[in-house]
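One structure is given below, encoded as structure tokens.
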Amino acid sequence: MIVRTDRPVYTHDDRITAIEIAALVAVAVAFVASVALMALQPKPEYEMVSVVVQPGDTLWGLARQYAPSMDPREAVYIIRGANDGLDPGRLQPGDVVLVPTEVK
């Protein structure tokens with residue numbers, strides 16, 4: 001193996017360039033903005049409770065029972081998101097389902 005010593009190993013100065021500074025500032029601003037947006041998002045006006053499914057229960061019925069002032073479509077969407085793999089057509093008595101309930 002031949003090693004050439006007539007060229008410097010690094011071709012870049014040890015100084016930070018304006019482009020690198022601009023990139024670091026852009027990343028920092030994006031990070032701060034994303035943290036600020038997460039902090040400013042409104043907190044949900046509901047809590048999740050565990051409900052044991054009874055014979056004849058449906059997601060729509062549970063949504064209307066536990067969150068009566070919420071749009072049932074929104075409540076069903078929240079129920080399906082909180083219960084991964086939940087198939088509304090296969091809801092069985094004895095299943096435990098997380099359901100939103102209104103905060104008082």
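Following the order of the structure tokens, first chain is A, next is B, and so on, with residues numbered from 1 inside each chain and ligands from 1 in the order they appear.
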
ask   = Got a sec: who's within 12 Å of A:Asp84, counting only C-alpha atoms, leaving out chain neighbours fewer than 5 positions off, as a PyMOL selection string?
value = chain A and resi 77-79+97-98

message = Taking the DSSP secondary structure from the backbone, can you list the residues of chain A that are strand (DSSP E or B), as a ChimeraX atom specification?
response = /A:46-52,96-102

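Across the model, the gap from atom CA of A:Pro68 to atom CA of A:Gly81 is 18.8 Å.
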
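Between A:Val53 and the candidates A:Ala23, A:Ala39, A:Val96, A:Val103, the tightest atom-to-atom separation, counting only C-alpha atoms, involves A:Val96.
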
inquiry  = Which residues are close to A:Gly56, i.e. within 10 Å by only C-alpha atoms, leaving aside same-chain residues fewer than 3 positions away? Reply as JSON, numbers by chain.
reply    = {"A": [53, 61, 91, 92, 93]}

query = Closest to A:Ala67 among A:Glu47, A:Met38, A:Gly85, A:Glu102, using only C-alpha atoms?
reply = A:Glu102
